[in-house]
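K.L.:
Structure in structure tokens, see below.
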Amino acid sequence: MWAMIRIATFLLVVLASAAVFAQVPPPGTPYDSSRHSNPIITFVENKDFKPSDYEQAKKAAGIELLGLSQSEGKRESVEIADGKFAKNMPIVGGFRTDVTFYPVVRQKFKLAGGSDLLLQSFRFPKVALPKDFAAFVLHEATTQTKKKPSEMRFGGTAPEQLDVRGTEGLLFEKDGQITVYWQEDGVGHTATASLPRKELFRVIEDLL
């Protein structure tokens, strides 16, 4: 019994660390390309974004926003989607809990080369975890079965794990469009563009 408690406690510590070091994606409904901006930001829909300006969006989201130098590109628009409170939503397998989602800021840039860059930023959601969460995940990991793509968090598309701006991140690529996700100081970011991978990463590294 004590061995199981120690394992569960250890796993809870690992999960807590993962939120900081493994750049885990936020909770959300399964990705649907017809409704969501990308596989990461599925806790709001495209229709939820409303026009804003830079300072208002920054204040409402409570985060510092990234941008580009004039030589790299020009900001064309700023939008914001309000945060939401999801009660008893699924976050891991059949596990459900309350989640507080914060506003998402979406900036669109026209790059110097003519391509578009969509940059989205948000505070990481607040997840209510009960005391037995670690034990549950340990059980879930040993009994999990495959799901239908429509039921999977990323819509059946497995991301590539790689380094982004000195931290771990995820990359999704489909039909020539790439979305990169990473976290900095508790803020999640996604960058989406139809660019060669090398060029997109050069732009991401130059974000201010």
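By order in the structure tokens, chains are A, B, ...; within a chain, residues start at 1; ligands start at 1, following the order shown.
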Could you name the residues that touch region 72-86 of chain A at 7 Å or less, counting only C-alpha atoms, but leaving out those on the same chain fewer than 2 positions away, as a list in words?
P.N.:
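Listed by chain and then number, they are Asp48, Phe49, Lys50, Pro51, Ser52, Asp53, Tyr54, Ala57, Leu68, Ser69, Gln70, Asn88, Met89, Asp98, Val99, Thr100, Phe101, Tyr102, Pro103, Val104, Val105, Arg106, Gln107, Lys108, Phe109, Lys110, Leu111 and Ala112 of chain A.
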K.L.:
Go ahead and dump the residues you just picked, C-alpha atoms, as an mmCIF file, in the first residue's frame.
P.N.:
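The result, written out as selection32.cif:
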```
data_model
loop_
_atom_site.group_PDB
_atom_site.id
_atom_site.type_symbol
_atom_site.label_atom_id
_atom_site.label_comp_id
_atom_site.auth_asym_id
_atom_site.auth_seq_id
_atom_site.Cartn_x
_atom_site.Cartn_y
_atom_site.Cartn_z
ATOM 1 C CA ASP A 48 -15.163 33.653 -30.354
ATOM 2 C CA PHE A 49 -12.459 36.101 -31.507
ATOM 3 C CA LYS A 50 -13.423 39.771 -31.593
ATOM 4 C CA PRO A 51 -11.431 42.741 -33.002
ATOM 5 C CA SER A 52 -9.338 44.626 -30.445
ATOM 6 C CA ASP A 53 -6.254 46.797 -30.292
ATOM 7 C CA TYR A 54 -2.836 45.917 -28.932
ATOM 8 C CA ALA A 57 -5.840 42.940 -25.667
ATOM 9 C CA LEU A 68 8.066 41.387 -34.772
ATOM 10 C CA SER A 69 10.590 44.023 -35.718
ATOM 11 C CA GLN A 70 9.658 46.334 -38.610
ATOM 12 C CA ASN A 88 -16.493 19.027 -15.013
ATOM 13 C CA MET A 89 -14.770 18.787 -18.415
ATOM 14 C CA ASP A 98 -13.076 22.127 -13.445
ATOM 15 C CA VAL A 99 -10.858 24.285 -15.664
ATOM 16 C CA THR A 100 -10.490 28.068 -15.816
ATOM 17 C CA PHE A 101 -9.420 29.266 -19.270
ATOM 18 C CA TYR A 102 -7.954 32.734 -19.757
ATOM 19 C CA PRO A 103 -8.361 35.015 -22.809
ATOM 20 C CA VAL A 104 -6.505 34.219 -26.034
ATOM 21 C CA VAL A 105 -4.931 37.016 -28.064
ATOM 22 C CA ARG A 106 -4.568 36.457 -31.807
ATOM 23 C CA GLN A 107 -2.239 38.653 -33.848
ATOM 24 C CA LYS A 108 -1.915 38.519 -37.617
ATOM 25 C CA PHE A 109 1.301 39.694 -39.256
ATOM 26 C CA LYS A 110 2.254 40.225 -42.885
ATOM 27 C CA LEU A 111 5.859 39.091 -43.179
ATOM 28 C CA ALA A 112 8.447 40.926 -45.249
#
```
K.L.:
Which residues are close to Gly156 (chain A), i.e. within 12 Å by only C-alpha atoms, leaving aside same-chain residues fewer than 3 positions away? Reply as a short mmCIF file (atom, residue, chain, number, x, y, z; two decimals) with N, CA, C and O atoms, in the first residue's frame.
P.N.:
```cif
data_model
loop_
_atom_site.label_atom_id
_atom_site.label_comp_id
_atom_site.auth_asym_id
_atom_site.auth_seq_id
_atom_site.Cartn_x
_atom_site.Cartn_y
_atom_site.Cartn_z
N PRO A 30 -11.51 17.89 -28.48
CA PRO A 30 -10.77 17.36 -29.63
C PRO A 30 -10.72 18.36 -30.78
O PRO A 30 -11.69 19.07 -31.04
N TYR A 31 -9.59 18.44 -31.44
CA TYR A 31 -9.38 19.41 -32.51
C TYR A 31 -10.30 19.18 -33.70
O TYR A 31 -10.43 18.06 -34.19
N ASP A 32 -10.92 20.26 -34.16
CA ASP A 32 -11.78 20.24 -35.34
C ASP A 32 -11.35 21.43 -36.20
O ASP A 32 -11.56 22.59 -35.83
N SER A 33 -10.74 21.17 -37.35
CA SER A 33 -10.19 22.24 -38.18
C SER A 33 -11.25 23.22 -38.67
O SER A 33 -10.91 24.36 -39.04
N PRO A 39 -4.51 22.74 -33.42
CA PRO A 39 -4.74 21.62 -32.48
C PRO A 39 -4.52 21.98 -31.01
O PRO A 39 -4.98 21.25 -30.13
N LYS A 146 -7.05 2.61 -27.40
CA LYS A 146 -7.04 3.56 -28.50
C LYS A 146 -8.43 4.15 -28.71
O LYS A 146 -9.43 3.48 -28.56
N LYS A 147 -8.44 5.43 -29.10
CA LYS A 147 -9.70 6.12 -29.36
C LYS A 147 -9.83 6.42 -30.84
O LYS A 147 -8.88 6.33 -31.60
N LYS A 148 -11.02 6.83 -31.23
CA LYS A 148 -11.23 7.31 -32.58
C LYS A 148 -10.53 8.66 -32.73
O LYS A 148 -10.46 9.43 -31.78
N PRO A 149 -10.01 8.99 -33.93
CA PRO A 149 -9.36 10.29 -34.14
C PRO A 149 -10.21 11.47 -33.70
O PRO A 149 -9.71 12.45 -33.15
N SER A 150 -11.53 11.38 -33.92
CA SER A 150 -12.42 12.48 -33.56
C SER A 150 -12.54 12.67 -32.05
O SER A 150 -13.04 13.69 -31.58
N GLU A 151 -12.07 11.68 -31.28
CA GLU A 151 -12.15 11.76 -29.82
C GLU A 151 -10.80 12.12 -29.21
O GLU A 151 -10.71 12.36 -28.01
N MET A 152 -9.75 12.19 -30.02
CA MET A 152 -8.42 12.45 -29.51
C MET A 152 -8.14 13.95 -29.44
O MET A 152 -8.65 14.72 -30.26
N ARG A 153 -7.35 14.35 -28.48
CA ARG A 153 -7.08 15.77 -28.22
C ARG A 153 -6.60 16.51 -29.47
O ARG A 153 -7.01 17.64 -29.73
N PRO A 159 1.85 15.19 -32.79
CA PRO A 159 2.79 16.28 -32.99
C PRO A 159 4.24 15.81 -32.90
O PRO A 159 4.53 14.77 -32.31
N PHE A 172 3.03 20.80 -35.47
CA PHE A 172 2.03 20.12 -36.28
C PHE A 172 2.19 20.61 -37.72
O PHE A 172 2.34 21.80 -37.96
#
```
K.L.:
Work out how far apart CA of Gly155 (chain A) and CA of Ala60 (chain A) are and give it in Å to one decimal.
P.N.:
29.9 Å
K.L.:
Among region 15-207 of chain A, which ones does DSSP assign to strand (DSSP E) (computed from the backbone)? Answer as a ChimeraX atom specification.
P.N.:
/A:50-52,73-81,84-92,95-101,104-111,116-123,126-127,160-164,167-174,177-184,187-193
K.L.:
Report the closest atom pair, with its distance in Å rounded to one decimal, for each residue of region 41-63 of chain A that has an atom no farther than 12 Å from region 121-128 of chain A; count only C-alpha atoms, sort by chain and then rising residue number, and write it as JSON lines.
P.N.:
```
{"residue": "A:Ile41", "atom": "CA", "partner": "A:Phe122", "partner_atom": "CA", "distance": 9.3}
{"residue": "A:Phe43", "atom": "CA", "partner": "A:Pro125", "partner_atom": "CA", "distance": 9.8}
{"residue": "A:Val44", "atom": "CA", "partner": "A:Phe122", "partner_atom": "CA", "distance": 11.2}
{"residue": "A:Ala57", "atom": "CA", "partner": "A:Ser121", "partner_atom": "CA", "distance": 10.5}
{"residue": "A:Lys58", "atom": "CA", "partner": "A:Ser121", "partner_atom": "CA", "distance": 9.9}
{"residue": "A:Lys59", "atom": "CA", "partner": "A:Phe122", "partner_atom": "CA", "distance": 12.0}
{"residue": "A:Ala60", "atom": "CA", "partner": "A:Phe122", "partner_atom": "CA", "distance": 10.6}
{"residue": "A:Ala61", "atom": "CA", "partner": "A:Phe122", "partner_atom": "CA", "distance": 7.0}
{"residue": "A:Gly62", "atom": "CA", "partner": "A:Arg123", "partner_atom": "CA", "distance": 7.9}
{"residue": "A:Ile63", "atom": "CA", "partner": "A:Arg123", "partner_atom": "CA", "distance": 7.1}
```
K.L.:
Output N, CA and C atoms of each residue in that selection to a file, as an mmCIF file, in the first residue's frame.
P.N.:
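Once written, out_25.cif looks like this:
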```
data_model
loop_
_atom_site.group_PDB
_atom_site.id
_atom_site.type_symbol
_atom_site.label_atom_id
_atom_site.label_comp_id
_atom_site.auth_asym_id
_atom_site.auth_seq_id
_atom_site.Cartn_x
_atom_site.Cartn_y
_atom_site.Cartn_z
ATOM 1 N N ILE A 41 -5.164 25.288 -29.486
ATOM 2 C CA ILE A 41 -6.182 26.204 -28.959
ATOM 3 C C ILE A 41 -7.564 25.714 -29.374
ATOM 4 N N PHE A 43 -9.977 25.322 -26.810
ATOM 5 C CA PHE A 43 -10.872 25.721 -25.726
ATOM 6 C C PHE A 43 -11.639 26.986 -26.089
ATOM 7 N N VAL A 44 -11.316 27.600 -27.238
ATOM 8 C CA VAL A 44 -12.150 28.639 -27.837
ATOM 9 C C VAL A 44 -12.281 28.304 -29.325
ATOM 10 N N ALA A 57 -6.001 44.392 -25.700
ATOM 11 C CA ALA A 57 -5.840 42.940 -25.667
ATOM 12 C C ALA A 57 -4.804 42.525 -24.629
ATOM 13 N N LYS A 58 -3.717 43.254 -24.583
ATOM 14 C CA LYS A 58 -2.654 42.970 -23.619
ATOM 15 C C LYS A 58 -3.164 43.083 -22.187
ATOM 16 N N LYS A 59 -3.943 44.122 -21.917
ATOM 17 C CA LYS A 59 -4.484 44.326 -20.571
ATOM 18 C C LYS A 59 -5.511 43.262 -20.215
ATOM 19 N N ALA A 60 -6.400 42.952 -21.151
ATOM 20 C CA ALA A 60 -7.459 41.977 -20.884
ATOM 21 C C ALA A 60 -6.896 40.582 -20.647
ATOM 22 N N ALA A 61 -5.849 40.219 -21.390
ATOM 23 C CA ALA A 61 -5.254 38.886 -21.239
ATOM 24 C C ALA A 61 -4.294 38.811 -20.066
ATOM 25 N N GLY A 62 -3.782 39.950 -19.621
ATOM 26 C CA GLY A 62 -2.854 39.973 -18.498
ATOM 27 C C GLY A 62 -1.502 39.362 -18.806
ATOM 28 N N ILE A 63 -1.055 39.509 -20.064
ATOM 29 C CA ILE A 63 0.223 38.930 -20.472
ATOM 30 C C ILE A 63 1.003 39.916 -21.335
#
```
K.L.:
CA of Lys174 (chain A) and CA of Leu66 (chain A) are how many Å apart?
P.N.:
24.7 Å
K.L.:
Separation of CA of Leu117 (chain A) and CA of Asp163 (chain A), in Å?
P.N.:
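So the answer is 19.5 Å.
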